[in-house]
Amino acid sequence: MDQNDNPRHQGLRKKLVDGLKIKGIRNENVLAAIGEVPRHLFMDSGFVNFAYKDQAFPIGAGQTISQPYTVAFQTQLLEVEKNQKVLEVGTGSGYQAAVLCAMGAKVFTIERQKELYNKVHKFLPAIGYSPACFFGDGYKGLPTLAPFDRIIVTAGAPTVPLPLKYQLKVGGKMVIPVGDNNKQEMYVVNRVGENDYRIEKHGRFLFVPMLKGIVNF
Ligand code: SAH
């Protein structure tokens with residue numbers, strides 16, 4: 001199995017990006033980042049041929065790497081700018097974190113499953129992306145490193161966790177799918193004042209659920 005990034009992979013990525021444009025993704029920085037990050041390296045080798053299809057895939061530990069369209073849509077809503085501090089909840093495969101790094105953000109990412117954390121915090125630097133990786137419960141965020149300009153949650157939450165609201169800068173925004181296990185609605189939570197949050201809703205999605213606590217193996 002070819003684990004390198006070769007012209008064939010680059011060609012497939014370009015097609016993926018063209019497909020995302022047709023589906024309505026407009027932000028050039030998001031499209032450039034997806035065009036750059038070698039998604040096939042994030043998947044189990046058996047799935048490499050599917051890496052550039054616009055589909056979600058299993059990554060082990062019962063979790064999935066989000067569909068490229070979903071990554072692009074959430075990242076576009078995030079309106080992230082270079083050098084901003086971005087907190088991601090749900091590291092998973094590390095793909096979303098790499099996309100944010102490729103956009104020049106300072107990325108902090110939390111995962112509750114030790115197995116995934118162990119894998120990703122070594123793998124990402126090896127392919128040139130260095131977010132700060134944390135093993136812990138994303139419901140709590142990272143209080144000692146707050147506030148964040150942006151927060152992105154990549155698992156479906158029943159409600160917007162209060163600690164995450166508090167860890168957002170005034171003027172910042174959080175993108176989070178909110179709902180039950182069968183469907184969620186994509187929320188953008190804008191913190192417009194110390195105690196003033198405005199929510200916009202951006203359609204239905206389906207994520208794996210955000211769960212409490214940690215899995216320590
Ligand atoms: N962003 C990932 C997709 C993640 S799937 C990627 O690009 O591949 C959702 C991830 O959220 C899973 O890995 C799951 O273990 C994790 N997760 C669920 N609840 C969590 C919590 N409370 N804190 C941190 N991570 C959590």
# chains A, B, ... in the order shown; residues from 1 in each chain; ligands from 1

$ select_by_dssp --residues "segment 20-119 of chain A" --states "strand (DSSP E or B)" --output "VMD selection string"
chain A and resid 57 to 60 63 to 65 85 to 89 106 to 111 113

$ write_last_selection --atoms "N, CA, C and O atoms" --output "PDB file, in the first residue's frame"
ATOM      1  N   PHE A  57     -15.521   7.801   7.181  1.00  0.00           N
ATOM      2  CA  PHE A  57     -14.972   6.439   7.245  1.00  0.00           C
ATOM      3  C   PHE A  57     -14.545   6.043   8.643  1.00  0.00           C
ATOM      4  O   PHE A  57     -14.182   6.899   9.452  1.00  0.00           O
ATOM      5  N   PRO A  58     -14.551   4.721   8.943  1.00  0.00           N
ATOM      6  CA  PRO A  58     -14.118   4.267  10.266  1.00  0.00           C
ATOM      7  C   PRO A  58     -12.620   4.500  10.470  1.00  0.00           C
ATOM      8  O   PRO A  58     -11.833   4.311   9.539  1.00  0.00           O
ATOM      9  N   ILE A  59     -12.243   4.909  11.665  1.00  0.00           N
ATOM     10  CA  ILE A  59     -10.818   5.129  11.964  1.00  0.00           C
ATOM     11  C   ILE A  59     -10.352   4.262  13.129  1.00  0.00           C
ATOM     12  O   ILE A  59      -9.290   4.478  13.689  1.00  0.00           O
ATOM     13  N   GLY A  60     -11.168   3.284  13.540  1.00  0.00           N
ATOM     14  CA  GLY A  60     -10.801   2.466  14.706  1.00  0.00           C
ATOM     15  C   GLY A  60     -11.386   3.071  15.962  1.00  0.00           C
ATOM     16  O   GLY A  60     -11.873   4.218  15.943  1.00  0.00           O
ATOM     17  N   GLN A  63     -14.793   4.939  15.989  1.00  0.00           N
ATOM     18  CA  GLN A  63     -14.994   6.338  15.617  1.00  0.00           C
ATOM     19  C   GLN A  63     -14.840   6.527  14.113  1.00  0.00           C
ATOM     20  O   GLN A  63     -14.417   5.618  13.407  1.00  0.00           O
ATOM     21  N   THR A  64     -15.179   7.716  13.642  1.00  0.00           N
ATOM     22  CA  THR A  64     -15.106   7.980  12.204  1.00  0.00           C
ATOM     23  C   THR A  64     -14.300   9.242  11.906  1.00  0.00           C
ATOM     24  O   THR A  64     -14.217  10.135  12.747  1.00  0.00           O
ATOM     25  N   ILE A  65     -13.709   9.275  10.722  1.00  0.00           N
ATOM     26  CA  ILE A  65     -13.163  10.523  10.188  1.00  0.00           C
ATOM     27  C   ILE A  65     -14.319  11.185   9.449  1.00  0.00           C
ATOM     28  O   ILE A  65     -15.018  10.548   8.659  1.00  0.00           O
ATOM     29  N   LYS A  85      -6.318  31.402  17.991  1.00  0.00           N
ATOM     30  CA  LYS A  85      -6.311  30.222  18.865  1.00  0.00           C
ATOM     31  C   LYS A  85      -7.610  29.466  18.662  1.00  0.00           C
ATOM     32  O   LYS A  85      -8.691  30.019  18.896  1.00  0.00           O
ATOM     33  N   VAL A  86      -7.477  28.222  18.230  1.00  0.00           N
ATOM     34  CA  VAL A  86      -8.673  27.416  17.939  1.00  0.00           C
ATOM     35  C   VAL A  86      -8.662  26.154  18.800  1.00  0.00           C
ATOM     36  O   VAL A  86      -7.672  25.415  18.816  1.00  0.00           O
ATOM     37  N   LEU A  87      -9.750  25.922  19.508  1.00  0.00           N
ATOM     38  CA  LEU A  87      -9.925  24.690  20.271  1.00  0.00           C
ATOM     39  C   LEU A  87     -10.817  23.734  19.477  1.00  0.00           C
ATOM     40  O   LEU A  87     -11.913  24.116  19.068  1.00  0.00           O
ATOM     41  N   GLU A  88     -10.319  22.509  19.265  1.00  0.00           N
ATOM     42  CA  GLU A  88     -11.158  21.476  18.642  1.00  0.00           C
ATOM     43  C   GLU A  88     -11.496  20.425  19.696  1.00  0.00           C
ATOM     44  O   GLU A  88     -10.602  19.928  20.391  1.00  0.00           O
ATOM     45  N   VAL A  89     -12.771  20.065  19.788  1.00  0.00           N
ATOM     46  CA  VAL A  89     -13.184  18.959  20.657  1.00  0.00           C
ATOM     47  C   VAL A  89     -13.472  17.753  19.762  1.00  0.00           C
ATOM     48  O   VAL A  89     -14.308  17.835  18.859  1.00  0.00           O
ATOM     49  N   LYS A 106      -3.519  28.441  15.439  1.00  0.00           N
ATOM     50  CA  LYS A 106      -2.841  27.772  16.561  1.00  0.00           C
ATOM     51  C   LYS A 106      -3.863  26.822  17.154  1.00  0.00           C
ATOM     52  O   LYS A 106      -4.828  27.252  17.797  1.00  0.00           O
ATOM     53  N   VAL A 107      -3.650  25.541  16.936  1.00  0.00           N
ATOM     54  CA  VAL A 107      -4.703  24.567  17.211  1.00  0.00           C
ATOM     55  C   VAL A 107      -4.443  23.805  18.507  1.00  0.00           C
ATOM     56  O   VAL A 107      -3.326  23.346  18.762  1.00  0.00           O
ATOM     57  N   PHE A 108      -5.508  23.685  19.304  1.00  0.00           N
ATOM     58  CA  PHE A 108      -5.507  22.894  20.540  1.00  0.00           C
ATOM     59  C   PHE A 108      -6.620  21.878  20.363  1.00  0.00           C
ATOM     60  O   PHE A 108      -7.760  22.266  20.111  1.00  0.00           O
ATOM     61  N   THR A 109      -6.298  20.596  20.463  1.00  0.00           N
ATOM     62  CA  THR A 109      -7.340  19.596  20.190  1.00  0.00           C
ATOM     63  C   THR A 109      -7.414  18.563  21.305  1.00  0.00           C
ATOM     64  O   THR A 109      -6.382  18.128  21.821  1.00  0.00           O
ATOM     65  N   ILE A 110      -8.646  18.213  21.703  1.00  0.00           N
ATOM     66  CA  ILE A 110      -8.856  17.263  22.809  1.00  0.00           C
ATOM     67  C   ILE A 110      -9.572  16.020  22.313  1.00  0.00           C
ATOM     68  O   ILE A 110     -10.536  16.118  21.554  1.00  0.00           O
ATOM     69  N   GLU A 111      -9.130  14.860  22.812  1.00  0.00           N
ATOM     70  CA  GLU A 111      -9.778  13.588  22.498  1.00  0.00           C
ATOM     71  C   GLU A 111      -9.979  12.808  23.795  1.00  0.00           C
ATOM     72  O   GLU A 111      -9.091  12.764  24.644  1.00  0.00           O
ATOM     73  N   GLN A 113     -10.588   9.497  23.941  1.00  0.00           N
ATOM     74  CA  GLN A 113     -10.151   8.096  23.831  1.00  0.00           C
ATOM     75  C   GLN A 113      -8.632   8.046  23.739  1.00  0.00           C
ATOM     76  O   GLN A 113      -8.041   8.509  22.762  1.00  0.00           O
TER      77      GLN A 113
END

$ residues_near_ligand --ligand "ligand 1" --cutoff "9 Å" --atoms "only C-alpha atoms and all ligand atoms" --output "ChimeraX atom specification"
/A:42,56-57,59,61-68,71,88-99,109-114,116-117,134-141,152-157,207-215

$ closest_residue --among "A:Gln167, A:Asn4, A:Ser45, A:Gln84" --to "Glu194 of chain A" --atoms "only C-alpha atoms"
A:Gln167

$ closest_residue --among "A:Phe47, A:Tyr129, A:Tyr166, A:Phe205" --to "Gly179 of chain A" --atoms "only C-alpha atoms"
A:Phe205

$ select_by_dssp --residues "segment 2-39 of chain A" --states "alpha helix (DSSP H)" --output "list in words"
Pro7, Arg8, His9, Gln10, Gly11, Leu12, Arg13, Lys14, Lys15, Leu16, Val17, Asp18, Gly19, Leu20, Lys21, Ile22, Glu28, Asn29, Val30, Leu31, Ala32, Ala33, Ile34, Gly35 and Glu36 of chain A

$ atom_distance --atom1 "atom CA of Gly193 of chain A" --atom2 "atom CA of Gln74 of chain A"
22.8 Å

$ residues_around --residues "Val189 of chain A" --least-positions-apart "4" --cutoff "6 Å" --atoms "only C-alpha atoms" --output "number ranges by chain"
A: 173-174, 198-199

$ closest_residue --among "A:Val48, A:Leu142, A:Cys101, A:Val178" --to "Glu36 of chain A" --atoms "only C-alpha atoms"
A:Cys101

$ closest_residue --among "A:Gly171, A:Pro158, A:Pro131, A:Pro163" --to "Leu100 of chain A" --atoms "only C-alpha atoms"
A:Pro131

$ decode --residues "segment 188-204 of chain A" --atoms "N, CA and C atoms" --output "mmCIF file, in the first residue's frame"
data_model
loop_
_atom_site.group_PDB
_atom_site.id
_atom_site.type_symbol
_atom_site.label_atom_id
_atom_site.label_comp_id
_atom_site.auth_asym_id
_atom_site.auth_seq_id
_atom_site.Cartn_x
_atom_site.Cartn_y
_atom_site.Cartn_z
ATOM 1 N N VAL A 188 -23.897 27.864 15.056
ATOM 2 C CA VAL A 188 -22.774 28.785 15.246
ATOM 3 C C VAL A 188 -23.154 29.647 16.442
ATOM 4 N N VAL A 189 -22.348 29.561 17.502
ATOM 5 C CA VAL A 189 -22.607 30.327 18.717
ATOM 6 C C VAL A 189 -21.642 31.513 18.728
ATOM 7 N N ASN A 190 -22.170 32.713 18.568
ATOM 8 C CA ASN A 190 -21.343 33.924 18.581
ATOM 9 C C ASN A 190 -21.392 34.529 19.970
ATOM 10 N N ARG A 191 -20.226 34.737 20.580
ATOM 11 C CA ARG A 191 -20.216 35.416 21.876
ATOM 12 C C ARG A 191 -20.083 36.915 21.583
ATOM 13 N N VAL A 192 -21.177 37.615 21.656
ATOM 14 C CA VAL A 192 -21.167 39.029 21.254
ATOM 15 C C VAL A 192 -20.943 39.962 22.441
ATOM 16 N N GLY A 193 -21.062 39.443 23.660
ATOM 17 C CA GLY A 193 -20.789 40.235 24.858
ATOM 18 C C GLY A 193 -20.457 39.282 25.983
ATOM 19 N N GLU A 194 -20.054 39.810 27.118
ATOM 20 C CA GLU A 194 -19.663 38.974 28.260
ATOM 21 C C GLU A 194 -20.741 37.917 28.549
ATOM 22 N N ASN A 195 -21.991 38.369 28.564
ATOM 23 C CA ASN A 195 -23.097 37.450 28.862
ATOM 24 C C ASN A 195 -24.098 37.375 27.716
ATOM 25 N N ASP A 196 -23.620 37.588 26.515
ATOM 26 C CA ASP A 196 -24.538 37.666 25.374
ATOM 27 C C ASP A 196 -24.055 36.745 24.244
ATOM 28 N N TYR A 197 -24.827 35.677 24.015
ATOM 29 C CA TYR A 197 -24.484 34.700 22.977
ATOM 30 C C TYR A 197 -25.593 34.689 21.930
ATOM 31 N N ARG A 198 -25.250 34.725 20.670
ATOM 32 C CA ARG A 198 -26.255 34.650 19.599
ATOM 33 C C ARG A 198 -26.035 33.370 18.806
ATOM 34 N N ILE A 199 -27.130 32.626 18.601
ATOM 35 C CA ILE A 199 -27.020 31.342 17.894
ATOM 36 C C ILE A 199 -27.614 31.442 16.488
ATOM 37 N N GLU A 200 -26.836 30.960 15.513
ATOM 38 C CA GLU A 200 -27.371 30.793 14.145
ATOM 39 C C GLU A 200 -27.416 29.292 13.872
ATOM 40 N N LYS A 201 -28.420 28.857 13.108
ATOM 41 C CA LYS A 201 -28.535 27.426 12.796
ATOM 42 C C LYS A 201 -28.291 27.190 11.308
ATOM 43 N N HIS A 202 -27.542 26.136 11.005
ATOM 44 C CA HIS A 202 -27.095 25.922 9.621
ATOM 45 C C HIS A 202 -27.349 24.513 9.107
ATOM 46 N N GLY A 203 -28.509 23.961 9.379
ATOM 47 C CA GLY A 203 -28.870 22.691 8.752
ATOM 48 C C GLY A 203 -28.477 21.452 9.530
ATOM 49 N N ARG A 204 -28.992 20.327 9.040
ATOM 50 C CA ARG A 204 -28.852 19.052 9.761
ATOM 51 C C ARG A 204 -27.624 18.266 9.357
#
